[in-house]
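Visitor: Here you go, this is upload23.cif (mmCIF, C-alpha atoms (C1' of nucleotides)).
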```
data_start
loop_
_atom_site.label_atom_id
_atom_site.label_comp_id
_atom_site.auth_asym_id
_atom_site.auth_seq_id
_atom_site.Cartn_x
_atom_site.Cartn_y
_atom_site.Cartn_z
CA MET A 1 29.86 -7.14 6.02
CA PRO A 2 26.09 -7.40 5.75
CA GLY A 3 25.91 -8.26 2.03
CA LEU A 4 23.06 -10.11 0.32
CA LYS A 5 23.80 -13.68 -0.74
CA LEU A 6 23.88 -13.91 -4.53
CA PRO A 7 20.53 -15.14 -5.79
CA ARG A 8 20.24 -18.11 -8.12
CA MET A 9 19.37 -17.16 -11.65
CA THR A 10 16.32 -19.37 -12.02
CA LYS A 11 14.24 -19.21 -15.17
CA GLN A 12 11.47 -17.57 -13.14
CA ARG A 13 13.74 -14.79 -11.93
CA ARG A 14 15.12 -14.30 -15.42
CA ALA A 15 11.63 -14.15 -16.94
CA ILE A 16 10.38 -11.63 -14.37
CA LEU A 17 13.40 -9.44 -14.94
CA ALA A 18 12.93 -9.71 -18.70
CA ALA A 19 9.22 -8.89 -18.46
CA LEU A 20 10.11 -5.72 -16.60
CA GLN A 21 12.95 -4.60 -18.88
CA GLY A 22 12.04 -1.49 -20.80
CA ASP A 23 8.55 -1.46 -19.35
CA THR A 24 7.35 1.99 -18.36
CA SER A 25 3.78 1.01 -17.44
CA HIS A 26 4.53 0.23 -13.78
CA PRO A 27 2.76 -3.13 -13.72
CA THR A 28 1.37 -4.80 -10.62
CA ALA A 29 2.56 -8.21 -9.44
CA GLU A 30 -0.56 -9.75 -10.96
CA GLU A 31 0.12 -8.15 -14.35
CA ILE A 32 3.71 -9.35 -14.30
CA TYR A 33 2.46 -12.80 -13.34
CA LEU A 34 0.10 -12.95 -16.33
CA ARG A 35 2.83 -11.77 -18.64
CA VAL A 36 5.44 -14.27 -17.42
CA LYS A 37 2.86 -17.06 -17.39
CA ARG A 38 2.84 -17.03 -21.19
CA GLU A 39 6.46 -18.23 -21.13
CA LEU A 40 6.29 -20.27 -17.95
CA PRO A 41 2.73 -21.56 -17.65
CA HIS A 42 3.42 -23.23 -14.30
CA ILE A 43 4.80 -20.22 -12.50
CA SER A 44 2.86 -19.20 -9.42
CA LEU A 45 1.88 -15.76 -8.23
CA ALA A 46 3.70 -16.46 -4.97
CA THR A 47 6.94 -16.86 -6.87
CA VAL A 48 6.37 -13.56 -8.61
CA TYR A 49 5.82 -11.86 -5.26
CA ARG A 50 8.89 -13.53 -3.75
CA ASN A 51 11.08 -12.49 -6.64
CA LEU A 52 9.79 -8.94 -6.78
CA ARG A 53 10.41 -8.53 -3.09
CA ARG A 54 13.91 -9.89 -3.43
CA LEU A 55 14.65 -7.73 -6.47
CA ALA A 56 13.45 -4.66 -4.60
CA GLU A 57 15.71 -5.52 -1.66
CA GLU A 58 18.62 -5.86 -4.05
CA GLY A 59 17.75 -2.50 -5.58
CA LEU A 60 17.18 -3.96 -9.04
CA VAL A 61 13.57 -2.86 -9.19
CA GLN A 62 11.65 -0.23 -7.34
CA GLU A 63 8.46 -1.07 -5.48
CA ILE A 64 5.88 1.68 -5.53
CA PRO A 65 3.10 1.47 -2.94
CA THR A 66 -0.11 3.13 -4.07
CA PRO A 67 -3.25 4.14 -2.20
CA HIS A 68 -6.25 1.82 -2.73
CA GLY A 69 -4.49 -0.62 -4.98
CA PRO A 70 -1.71 -3.14 -5.29
CA ALA A 71 1.94 -2.12 -5.35
CA ARG A 72 3.51 -1.40 -8.69
CA TYR A 73 6.99 -2.24 -9.90
CA ASP A 74 9.46 -0.18 -11.85
CA PRO A 75 12.65 -1.49 -13.45
CA THR A 76 14.26 1.93 -13.53
CA THR A 77 16.74 2.07 -10.70
CA ARG A 78 18.07 5.56 -11.21
CA PRO A 79 16.10 8.02 -9.05
CA HIS A 80 13.06 9.52 -10.75
CA TYR A 81 9.53 10.43 -9.78
CA HIS A 82 5.99 9.25 -10.45
CA PHE A 83 2.54 10.57 -11.16
CA LEU A 84 -0.62 8.59 -10.33
CA CYS A 85 -3.73 9.67 -12.21
CA ASP A 86 -6.80 10.03 -9.97
CA GLU A 87 -9.01 9.12 -12.88
CA CYS A 88 -7.45 6.36 -14.96
CA GLY A 89 -5.10 5.00 -12.30
CA ARG A 90 -2.09 4.91 -14.59
CA VAL A 91 1.34 5.62 -13.17
CA TYR A 92 3.65 7.81 -15.20
CA ASP A 93 7.35 8.46 -14.93
CA VAL A 94 7.89 12.13 -14.46
CA ARG A 95 10.89 14.08 -15.58
CA LEU A 96 11.98 16.42 -12.85
CA ALA A 97 15.38 17.21 -11.43
CA VAL A 98 16.02 14.79 -8.60
CA GLN A 99 16.88 16.54 -5.37
CA ASN A 100 20.01 14.88 -4.04
CA ARG A 101 20.53 17.85 -1.81
CA PHE A 102 17.70 16.45 0.33
CA HIS A 103 19.83 13.44 1.27
CA HIS A 104 22.48 15.76 2.53
CA GLU A 105 20.05 17.88 4.52
CA LEU A 106 18.56 14.79 6.12
CA ALA A 107 22.01 13.46 6.96
CA LEU A 108 22.58 16.64 8.93
CA GLN A 109 19.38 15.83 10.85
CA GLY A 110 20.70 12.34 11.70
CA PHE A 111 18.88 10.30 9.06
CA LYS A 112 20.73 7.85 6.83
CA VAL A 113 18.87 7.93 3.53
CA ARG A 114 18.93 4.83 1.34
CA ALA A 115 16.37 5.92 -1.23
CA HIS A 116 13.46 8.21 -1.75
CA GLU A 117 10.34 8.34 -3.84
CA MET A 118 8.04 11.15 -4.83
CA MET A 119 4.47 10.61 -6.00
CA PHE A 120 2.30 13.27 -7.55
CA TYR A 121 -1.48 12.89 -7.63
CA GLY A 122 -3.95 14.54 -9.99
CA LEU A 123 -5.05 14.29 -13.60
CA CYS A 124 -2.74 13.03 -16.31
CA PRO A 125 -2.59 14.91 -19.64
CA ALA A 126 -5.09 12.57 -21.31
CA CYS A 127 -7.70 12.70 -18.53
CA ASN A 128 -7.10 16.40 -18.01
CA ARG A 129 -7.99 17.11 -21.65
CA GLN A 130 -11.13 14.98 -21.50
CA ASN A 131 -12.36 16.77 -18.38
CA ALA A 132 -11.72 20.17 -19.91
CA GLN A 133 -13.80 19.32 -23.02
CA SER A 134 -16.95 18.09 -21.25
CA MET B 1 -19.54 22.40 -9.58
CA PRO B 2 -18.16 19.07 -8.43
CA GLY B 3 -18.15 19.82 -4.67
CA LEU B 4 -18.32 17.21 -1.93
CA LYS B 5 -21.56 17.04 0.03
CA LEU B 6 -21.03 18.17 3.60
CA PRO B 7 -20.54 15.13 5.81
CA ARG B 8 -22.60 14.63 8.93
CA MET B 9 -20.64 15.31 12.06
CA THR B 10 -21.25 11.99 13.77
CA LYS B 11 -19.60 11.25 17.07
CA GLN B 12 -17.44 8.67 15.26
CA ARG B 13 -16.17 11.20 12.77
CA ARG B 14 -15.55 13.72 15.52
CA ALA B 15 -13.67 11.18 17.63
CA ILE B 16 -11.48 10.06 14.72
CA LEU B 17 -10.66 13.63 13.87
CA ALA B 18 -9.90 14.36 17.53
CA ALA B 19 -7.69 11.26 17.85
CA LEU B 20 -5.66 12.48 14.93
CA GLN B 21 -5.34 16.11 16.02
CA GLY B 22 -1.79 16.96 17.00
CA ASP B 23 -0.66 13.39 16.43
CA THR B 24 2.68 13.14 14.69
CA SER B 25 3.09 9.36 14.93
CA HIS B 26 1.31 8.58 11.65
CA PRO B 27 -0.96 5.88 13.06
CA THR B 28 -2.53 3.09 11.05
CA ALA B 29 -6.31 2.63 10.79
CA GLU B 30 -6.07 -0.14 13.38
CA GLU B 31 -4.20 2.10 15.83
CA ILE B 32 -6.75 4.88 15.38
CA TYR B 33 -9.50 2.32 15.89
CA LEU B 34 -8.04 1.14 19.20
CA ARG B 35 -7.61 4.71 20.35
CA VAL B 36 -11.15 5.80 19.47
CA LYS B 37 -12.59 2.59 20.91
CA ARG B 38 -11.73 3.84 24.38
CA GLU B 39 -14.30 6.62 23.93
CA LEU B 40 -16.73 4.75 21.71
CA PRO B 41 -16.46 1.09 22.64
CA HIS B 42 -18.94 0.03 19.95
CA ILE B 43 -17.22 1.67 17.01
CA SER B 44 -16.19 -0.72 14.28
CA LEU B 45 -12.99 -0.85 12.28
CA ALA B 46 -15.06 -0.51 9.09
CA THR B 47 -16.32 2.86 10.28
CA VAL B 48 -12.77 3.99 10.92
CA TYR B 49 -11.77 2.96 7.41
CA ARG B 50 -14.83 4.63 5.89
CA ASN B 51 -14.18 7.86 7.73
CA LEU B 52 -10.48 7.94 6.99
CA ARG B 53 -11.16 7.43 3.32
CA ARG B 54 -13.74 10.21 3.32
CA LEU B 55 -11.45 12.55 5.26
CA ALA B 56 -8.65 11.88 2.81
CA GLU B 57 -10.95 12.66 -0.12
CA GLU B 58 -11.92 15.91 1.55
CA GLY B 59 -8.26 16.72 2.08
CA LEU B 60 -8.59 16.88 5.86
CA VAL B 61 -6.11 14.08 6.43
CA GLN B 62 -3.37 12.64 4.29
CA GLU B 63 -3.24 8.91 3.55
CA ILE B 64 0.27 7.56 3.28
CA PRO B 65 0.67 4.19 1.58
CA THR B 66 3.69 2.25 2.77
CA PRO B 67 5.46 -0.80 1.40
CA HIS B 68 4.73 -4.06 3.28
CA GLY B 69 2.36 -2.57 5.76
CA PRO B 70 -0.94 -0.82 6.28
CA ALA B 71 -1.52 2.77 5.20
CA ARG B 72 -0.81 5.48 7.70
CA TYR B 73 -2.72 8.69 8.33
CA ASP B 74 -1.47 12.19 8.91
CA PRO B 75 -3.59 15.11 10.12
CA THR B 76 -1.19 17.68 8.72
CA THR B 77 -2.69 19.00 5.53
CA ARG B 78 -0.02 21.49 4.60
CA PRO B 79 2.54 19.83 2.27
CA HIS B 80 5.46 18.20 4.01
CA TYR B 81 7.49 15.05 3.61
CA HIS B 82 8.02 11.74 5.39
CA PHE B 83 10.75 9.34 6.36
CA LEU B 84 10.09 5.61 6.90
CA CYS B 85 12.71 3.81 8.97
CA ASP B 86 13.79 0.49 7.44
CA GLU B 87 14.51 -0.84 10.92
CA CYS B 88 11.87 0.33 13.40
CA GLY B 89 9.13 1.09 10.87
CA ARG B 90 8.33 4.48 12.34
CA VAL B 91 7.27 7.29 10.05
CA TYR B 92 8.72 10.72 10.72
CA ASP B 93 7.74 14.13 9.47
CA VAL B 94 10.68 15.66 7.75
CA ARG B 95 11.45 19.32 7.50
CA LEU B 96 12.49 20.17 4.00
CA ALA B 97 11.49 22.98 1.68
CA VAL B 98 8.46 21.83 -0.28
CA GLN B 99 8.97 22.11 -3.98
CA ASN B 100 5.95 23.95 -5.35
CA ARG B 101 7.92 24.68 -8.46
CA PHE B 102 7.36 21.01 -9.39
CA HIS B 103 3.63 21.61 -9.77
CA HIS B 104 4.35 24.33 -12.25
CA GLU B 105 6.78 22.23 -14.24
CA LEU B 106 4.30 19.38 -14.40
CA ALA B 107 1.53 21.73 -15.49
CA LEU B 108 3.71 22.63 -18.46
CA GLN B 109 3.87 18.91 -19.26
CA GLY B 110 0.05 18.66 -19.21
CA PHE B 111 -0.46 17.25 -15.71
CA LYS B 112 -2.91 18.80 -13.27
CA VAL B 113 -1.38 18.25 -9.85
CA ARG B 114 -3.69 17.99 -6.85
CA ALA B 115 -1.12 16.88 -4.29
CA HIS B 116 2.21 15.23 -3.90
CA GLU B 117 4.03 13.17 -1.35
CA MET B 118 7.68 12.36 -0.86
CA MET B 119 8.88 9.40 1.16
CA PHE B 120 12.47 8.84 2.22
CA TYR B 121 13.68 5.38 3.22
CA GLY B 122 16.65 4.48 5.38
CA LEU B 123 17.66 4.59 9.04
CA CYS B 124 16.18 7.10 11.45
CA PRO B 125 18.52 8.93 13.87
CA ALA B 126 17.81 6.47 16.71
CA CYS B 127 18.39 3.30 14.67
CA ASN B 128 21.32 4.88 12.88
CA ARG B 129 23.09 5.49 16.18
CA GLN B 130 22.43 1.96 17.43
CA ASN B 131 23.85 0.45 14.24
CA ALA B 132 26.94 2.65 14.44
CA GLN B 133 27.70 1.53 18.02
CA SER B 134 27.50 -2.24 17.48
"C1'" DT C 1 -38.69 12.85 8.86
"C1'" DT C 2 -35.07 11.63 5.90
"C1'" DC C 3 -31.36 9.31 4.31
"C1'" DA C 4 -26.30 9.40 5.34
"C1'" DA C 5 -23.64 6.87 8.44
"C1'" DT C 6 -23.15 3.01 11.55
"C1'" DG C 7 -22.20 -1.89 13.43
"C1'" DC C 8 -21.70 -6.34 12.32
"C1'" DA C 9 -20.40 -10.02 9.64
"C1'" DA C 10 -19.01 -11.59 5.52
"C1'" DA C 11 -16.30 -10.96 1.49
"C1'" DA C 12 -12.79 -9.12 -1.43
"C1'" DT C 13 -8.23 -7.97 -2.26
"C1'" DT C 14 -3.42 -8.19 -1.72
"C1'" DT C 15 0.49 -10.47 0.08
"C1'" DT C 16 2.88 -14.03 2.74
"C1'" DT C 17 3.97 -18.67 4.36
"C1'" DG C 18 4.49 -23.99 5.12
"C1'" DC C 19 5.93 -27.81 2.99
"C1'" DA C 20 7.47 -31.32 -0.24
"C1'" DC C 21 9.99 -31.36 -4.39
"C1'" DG C 22 13.05 -29.80 -8.29
"C1'" DC C 23 16.88 -27.46 -10.16
"C1'" DT C 24 20.96 -24.16 -10.01
"C1'" DA C 25 25.47 -23.68 -8.76
"C1'" DT D 1 24.85 -33.10 -3.96
"C1'" DA D 2 23.52 -29.25 -1.03
"C1'" DG D 3 20.27 -26.23 -0.14
"C1'" DC D 4 17.92 -22.27 -2.44
"C1'" DG D 5 13.91 -21.40 -4.97
"C1'" DT D 6 9.63 -23.27 -6.65
"C1'" DG D 7 4.48 -24.65 -6.99
"C1'" DC D 8 0.60 -25.33 -4.61
"C1'" DA D 9 -2.61 -24.50 -1.23
"C1'" DA D 10 -3.72 -22.46 2.77
"C1'" DA D 11 -3.39 -18.52 5.71
"C1'" DA D 12 -2.52 -13.87 7.01
"C1'" DA D 13 -3.14 -9.14 6.55
"C1'" DT D 14 -5.53 -5.23 4.97
"C1'" DT D 15 -9.53 -3.07 3.24
"C1'" DT D 16 -14.22 -2.99 1.41
"C1'" DT D 17 -19.12 -4.10 1.18
"C1'" DG D 18 -24.20 -5.71 2.09
"C1'" DC D 19 -27.73 -4.94 4.96
"C1'" DA D 20 -30.73 -3.80 8.73
"C1'" DT D 21 -30.80 -0.10 11.97
"C1'" DT D 22 -29.60 4.41 14.15
"C1'" DG D 23 -29.25 9.15 14.65
"C1'" DA D 24 -27.78 13.97 12.74
"C1'" DA D 25 -29.76 17.62 10.41
#
```
Before we go any further, please render this structure as structure tokens.

Guide:
Amino acid sequence: MPGLKLPRMTKQRRAILAALQGDTSHPTAEEIYLRVKRELPHISLATVYRNLRRLAEEGLVQEIPTPHGPARYDPTTRPHYHFLCDECGRVYDVRLAVQNRFHHELALQGFKVRAHEMMFYGLCPACNRQNAQS
Amino acid sequence: MPGLKLPRMTKQRRAILAALQGDTSHPTAEEIYLRVKRELPHISLATVYRNLRRLAEEGLVQEIPTPHGPARYDPTTRPHYHFLCDECGRVYDVRLAVQNRFHHELALQGFKVRAHEMMFYGLCPACNRQNAQS
DNA sequence: TTCAATGCAAAATTTTTGCACGCTA
DNA sequence: TAGCGTGCAAAAATTTTGCATTGAA
């Protein structure tokens, strides 16, 4: 069996996981680092990156690559989609029916799908309103 | 009107556009650079990046951010989806019905959608077969 | 003729890695 | 106590920028 070796529950890993719990802001590694640093002042950014990568491999967090900026991290493991605002750069969770049927269709084409991600680009409600006013 | 100023058709821009035409391999900026360099030996990587960014803003090419690797570029402007192989790293175009209905649903939620991108992760047909055999 | 676009080099940004040491299991 | 995970610093990888010059319109 392939199987990942069980990771040690270090205080750094625990703190990173805790910092992400219930967070819907899709923070970058740097933002998570600053947050966790308040509890563990000696933690290094490299450790944050190493843990986030590991957590993503384990499927405990989702890594979201973005154009022209650092990756963002999402603690929500259940499939859902994202919206990146062209103007303010914020990433939103988006409530849309997830298309599991796609996995099946791709299986028929020979692909073995592990995960998928959808990103919408445009103006978020806040920025959209502001643009309409001016 | 917002409106982009018309870009000058320099030989660099023309060559980059030409290198991308009909290409379905989703090359990186570096790969495009090496390709175009054969025609224009003095072109610089910075120029390739500047042009690709401009072309993406104009909607003439699509920029595809990927986890743990450089962005990839796709000349196909009509909406379609992608598959990134965990094993070989290749990016495939994927034939699935594009969900325009999503734009409408998001509009109801206050978002103004300009574009969207879906990325599937897993094993491509070639790598899938190899793994099954061994 | 004008000024947007280029080439080059340097810098900025983001992420990864080598290594000695500390801490979890 | 074994060896995984850490901190630190340095490096790698990717992308952007400053500036003098070129060339498309």

Visitor: As a CSV table (one decimal) with C-alpha atoms, in the frame of the given file, please: chain B after a least-squares superposition onto chain A using all C-alpha atoms matched in order.

Guide:
```csv
chain,number,residue,atom,x,y,z
B,1,MET,CA,29.9,-7.0,5.8
B,2,PRO,CA,26.1,-7.2,5.5
B,3,GLY,CA,26.0,-8.1,1.8
B,4,LEU,CA,23.1,-10.0,0.2
B,5,LYS,CA,23.8,-13.6,-0.9
B,6,LEU,CA,23.9,-13.9,-4.7
B,7,PRO,CA,20.5,-15.2,-5.8
B,8,ARG,CA,20.2,-18.2,-8.1
B,9,MET,CA,19.3,-17.2,-11.6
B,10,THR,CA,16.3,-19.4,-12.0
B,11,LYS,CA,14.2,-19.2,-15.2
B,12,GLN,CA,11.5,-17.6,-13.1
B,13,ARG,CA,13.7,-14.8,-11.9
B,14,ARG,CA,15.1,-14.3,-15.4
B,15,ALA,CA,11.6,-14.1,-16.9
B,16,ILE,CA,10.4,-11.6,-14.3
B,17,LEU,CA,13.4,-9.5,-14.9
B,18,ALA,CA,13.0,-9.7,-18.7
B,19,ALA,CA,9.2,-8.9,-18.4
B,20,LEU,CA,10.1,-5.7,-16.6
B,21,GLN,CA,13.0,-4.6,-18.8
B,22,GLY,CA,12.1,-1.5,-20.7
B,23,ASP,CA,8.6,-1.5,-19.3
B,24,THR,CA,7.4,2.0,-18.3
B,25,SER,CA,3.8,1.0,-17.4
B,26,HIS,CA,4.6,0.2,-13.8
B,27,PRO,CA,2.8,-3.1,-13.7
B,28,THR,CA,1.4,-4.8,-10.6
B,29,ALA,CA,2.5,-8.2,-9.4
B,30,GLU,CA,-0.6,-9.7,-11.0
B,31,GLU,CA,0.1,-8.1,-14.4
B,32,ILE,CA,3.7,-9.3,-14.3
B,33,TYR,CA,2.5,-12.8,-13.4
B,34,LEU,CA,0.1,-12.9,-16.3
B,35,ARG,CA,2.9,-11.8,-18.6
B,36,VAL,CA,5.4,-14.3,-17.4
B,37,LYS,CA,2.9,-17.1,-17.4
B,38,ARG,CA,2.9,-17.0,-21.2
B,39,GLU,CA,6.5,-18.2,-21.1
B,40,LEU,CA,6.3,-20.3,-18.0
B,41,PRO,CA,2.7,-21.5,-17.7
B,42,HIS,CA,3.4,-23.2,-14.3
B,43,ILE,CA,4.8,-20.2,-12.5
B,44,SER,CA,2.8,-19.2,-9.5
B,45,LEU,CA,1.8,-15.8,-8.3
B,46,ALA,CA,3.7,-16.5,-5.0
B,47,THR,CA,6.9,-16.9,-6.9
B,48,VAL,CA,6.3,-13.5,-8.6
B,49,TYR,CA,5.8,-11.9,-5.3
B,50,ARG,CA,8.8,-13.6,-3.7
B,51,ASN,CA,11.0,-12.5,-6.6
B,52,LEU,CA,9.8,-9.0,-6.7
B,53,ARG,CA,10.4,-8.5,-3.1
B,54,ARG,CA,13.9,-9.9,-3.4
B,55,LEU,CA,14.6,-7.8,-6.4
B,56,ALA,CA,13.4,-4.7,-4.6
B,57,GLU,CA,15.7,-5.5,-1.6
B,58,GLU,CA,18.6,-5.9,-4.0
B,59,GLY,CA,17.7,-2.5,-5.5
B,60,LEU,CA,17.2,-4.0,-9.0
B,61,VAL,CA,13.6,-2.9,-9.1
B,62,GLN,CA,11.6,-0.2,-7.3
B,63,GLU,CA,8.4,-1.1,-5.4
B,64,ILE,CA,5.9,1.7,-5.5
B,65,PRO,CA,3.1,1.5,-2.9
B,66,THR,CA,-0.1,3.1,-4.1
B,67,PRO,CA,-3.2,4.1,-2.2
B,68,HIS,CA,-6.3,1.8,-2.7
B,69,GLY,CA,-4.5,-0.6,-5.0
B,70,PRO,CA,-1.7,-3.1,-5.3
B,71,ALA,CA,1.9,-2.1,-5.4
B,72,ARG,CA,3.5,-1.4,-8.7
B,73,TYR,CA,7.0,-2.2,-9.9
B,74,ASP,CA,9.5,-0.2,-11.8
B,75,PRO,CA,12.7,-1.5,-13.4
B,76,THR,CA,14.3,1.9,-13.5
B,77,THR,CA,16.8,2.1,-10.6
B,78,ARG,CA,18.1,5.5,-11.2
B,79,PRO,CA,16.1,8.0,-9.0
B,80,HIS,CA,13.1,9.5,-10.7
B,81,TYR,CA,9.5,10.4,-9.8
B,82,HIS,CA,6.0,9.2,-10.5
B,83,PHE,CA,2.5,10.6,-11.2
B,84,LEU,CA,-0.6,8.6,-10.3
B,85,CYS,CA,-3.7,9.7,-12.2
B,86,ASP,CA,-6.8,10.0,-10.0
B,87,GLU,CA,-9.0,9.1,-12.9
B,88,CYS,CA,-7.4,6.4,-15.0
B,89,GLY,CA,-5.1,5.0,-12.3
B,90,ARG,CA,-2.1,4.9,-14.6
B,91,VAL,CA,1.3,5.6,-13.2
B,92,TYR,CA,3.7,7.8,-15.2
B,93,ASP,CA,7.4,8.5,-14.9
B,94,VAL,CA,7.9,12.1,-14.5
B,95,ARG,CA,10.9,14.1,-15.6
B,96,LEU,CA,12.0,16.4,-12.9
B,97,ALA,CA,15.4,17.2,-11.4
B,98,VAL,CA,16.0,14.8,-8.6
B,99,GLN,CA,16.8,16.5,-5.4
B,100,ASN,CA,20.0,14.8,-4.0
B,101,ARG,CA,20.5,17.8,-1.8
B,102,PHE,CA,17.7,16.4,0.3
B,103,HIS,CA,19.8,13.4,1.3
B,104,HIS,CA,22.5,15.8,2.5
B,105,GLU,CA,20.1,17.9,4.5
B,106,LEU,CA,18.6,14.8,6.1
B,107,ALA,CA,22.0,13.4,7.0
B,108,LEU,CA,22.6,16.6,8.9
B,109,GLN,CA,19.4,15.8,10.8
B,110,GLY,CA,20.7,12.3,11.7
B,111,PHE,CA,18.9,10.3,9.0
B,112,LYS,CA,20.7,7.8,6.8
B,113,VAL,CA,18.9,7.9,3.5
B,114,ARG,CA,18.9,4.8,1.3
B,115,ALA,CA,16.4,5.9,-1.2
B,116,HIS,CA,13.5,8.2,-1.8
B,117,GLU,CA,10.3,8.3,-3.9
B,118,MET,CA,8.0,11.1,-4.8
B,119,MET,CA,4.5,10.6,-6.0
B,120,PHE,CA,2.3,13.3,-7.6
B,121,TYR,CA,-1.5,12.9,-7.6
B,122,GLY,CA,-3.9,14.5,-10.0
B,123,LEU,CA,-5.1,14.3,-13.6
B,124,CYS,CA,-2.7,13.0,-16.3
B,125,PRO,CA,-2.6,14.9,-19.6
B,126,ALA,CA,-5.1,12.6,-21.3
B,127,CYS,CA,-7.7,12.7,-18.5
B,128,ASN,CA,-7.1,16.4,-18.0
B,129,ARG,CA,-8.0,17.1,-21.6
B,130,GLN,CA,-11.1,15.0,-21.5
B,131,ASN,CA,-12.4,16.8,-18.4
B,132,ALA,CA,-11.7,20.2,-19.9
B,133,GLN,CA,-13.8,19.3,-23.0
B,134,SER,CA,-16.9,18.1,-21.3
```

Visitor: Run the PyMOL selection byres ((chain C and resi 3) around 12) against the file shown and list the residues it catches, as a count of residues only.

Guide: 9

Visitor: For this structure, which residues satisfy the selection - the PyMOL selection byres ((chain B and resi 65) around 10) - when it is evaluated on the file as given? I want them as a list in words.

Guide: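 Evaluating the PyMOL selection byres ((chain B and resi 65) around 10) on these coordinates yields Ile64, Pro65, Thr66, Pro67, His68, Gly69 and Ala71 of chain A; Gln62, Glu63, Ile64, Thr66, Pro67, His68, Gly69, Pro70, Ala71, Arg72, Tyr73 and Met119 of chain B.
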
Visitor: Apply the PyMOL selection byres ((chain D) within 9 of (chain A)) to the displayed file and report the matching residues as a list of chain:residue names.

Guide: D:DC4, D:DG5, D:DT6, D:DG7, D:DC8, D:DT15

Visitor: Provide the atom CA of B:Gly122 to atom CA of A:Pro79 distance in Å, to one decimal place.

Guide: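 Here the two named atoms are 14.9 Å from each other.
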
Visitor: Can you pull out every residue within 8 Å of A:Glu117, counting only C-alpha atoms (C1' of nucleotides), but drop anything in the same chain fewer than 5 positions away, and send it as a PyMOL selection string?

Guide: (chain A and resi 79-82) or (chain B and resi 118-120)

Visitor: Go ahead and write the residues just picked, C-alpha atoms, as a PDB file, in the coordinates of the input.

Guide:
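Saved as selection_38.pdb:
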```pdb
ATOM      1  CA  PRO A  79      16.100   8.020  -9.050  1.00  0.00           C
ATOM      2  CA  HIS A  80      13.060   9.520 -10.750  1.00  0.00           C
ATOM      3  CA  TYR A  81       9.530  10.430  -9.780  1.00  0.00           C
ATOM      4  CA  HIS A  82       5.990   9.250 -10.450  1.00  0.00           C
TER       5      HIS A  82
ATOM      6  CA  MET B 118       7.680  12.360  -0.860  1.00  0.00           C
ATOM      7  CA  MET B 119       8.880   9.400   1.160  1.00  0.00           C
ATOM      8  CA  PHE B 120      12.470   8.840   2.220  1.00  0.00           C
TER       9      PHE B 120
END
```

Visitor: Which is closest to A:Phe83 among A:Lys5, A:Lys112, A:His26, A:Lys11, if we use only C-alpha atoms?

Guide: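 Checking each of A:Lys5, A:Lys112, A:His26, A:Lys11 against A:Phe83, counting only C-alpha atoms, the winner is A:His26.
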
Visitor: One decimal, in Å: what's the spacing between atom C1' of D:DT21 and atom C1' of C:DC8?

Guide: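 These atoms are spaced 11.0 Å apart.
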
Visitor: With all atoms listed in the file considered, list every residue of chain C at most 9 Å from chain A, as number ranges by chain.

Guide: C: 13-16, 23-25

Visitor: Could you tell me how far atom CA of A:Cys127 sits from atom CA of A:Gly89, in Å to one decimal place?

Guide: 10.2 Å

Visitor: Working from the structure I just supplied, which lacks atoms in stretch 51-58 of chain A, can you model N, CA, C and O atoms there and output them as an mmCIF file, keeping the file's coordinate frame?

Guide:
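Result saved to selection.cif:
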```
data_model
loop_
_atom_site.group_PDB
_atom_site.id
_atom_site.type_symbol
_atom_site.label_atom_id
_atom_site.label_comp_id
_atom_site.auth_asym_id
_atom_site.auth_seq_id
_atom_site.Cartn_x
_atom_site.Cartn_y
_atom_site.Cartn_z
ATOM 1 N N ASN A 51 9.993 -13.052 -5.835
ATOM 2 C CA ASN A 51 11.080 -12.490 -6.640
ATOM 3 C C ASN A 51 11.061 -10.971 -6.644
ATOM 4 O O ASN A 51 12.113 -10.339 -6.525
ATOM 5 N N LEU A 52 9.866 -10.400 -6.759
ATOM 6 C CA LEU A 52 9.790 -8.940 -6.780
ATOM 7 C C LEU A 52 10.302 -8.361 -5.470
ATOM 8 O O LEU A 52 11.023 -7.357 -5.453
ATOM 9 N N ARG A 53 9.943 -9.020 -4.378
ATOM 10 C CA ARG A 53 10.410 -8.530 -3.090
ATOM 11 C C ARG A 53 11.931 -8.587 -3.009
ATOM 12 O O ARG A 53 12.590 -7.644 -2.584
ATOM 13 N N ARG A 54 12.473 -9.713 -3.428
ATOM 14 C CA ARG A 54 13.910 -9.890 -3.430
ATOM 15 C C ARG A 54 14.593 -8.852 -4.331
ATOM 16 O O ARG A 54 15.582 -8.212 -3.944
ATOM 17 N N LEU A 55 14.066 -8.679 -5.522
ATOM 18 C CA LEU A 55 14.650 -7.730 -6.470
ATOM 19 C C LEU A 55 14.609 -6.310 -5.906
ATOM 20 O O LEU A 55 15.555 -5.530 -6.103
ATOM 21 N N ALA A 56 13.543 -5.996 -5.205
ATOM 22 C CA ALA A 56 13.450 -4.660 -4.600
ATOM 23 C C ALA A 56 14.499 -4.509 -3.504
ATOM 24 O O ALA A 56 15.154 -3.463 -3.390
ATOM 25 N N GLU A 57 14.704 -5.567 -2.712
ATOM 26 C CA GLU A 57 15.710 -5.520 -1.660
ATOM 27 C C GLU A 57 17.108 -5.343 -2.246
ATOM 28 O O GLU A 57 17.960 -4.668 -1.676
ATOM 29 N N GLU A 58 17.315 -5.971 -3.392
ATOM 30 C CA GLU A 58 18.620 -5.860 -4.050
ATOM 31 C C GLU A 58 18.767 -4.523 -4.780
ATOM 32 O O GLU A 58 19.856 -4.213 -5.282
#
```
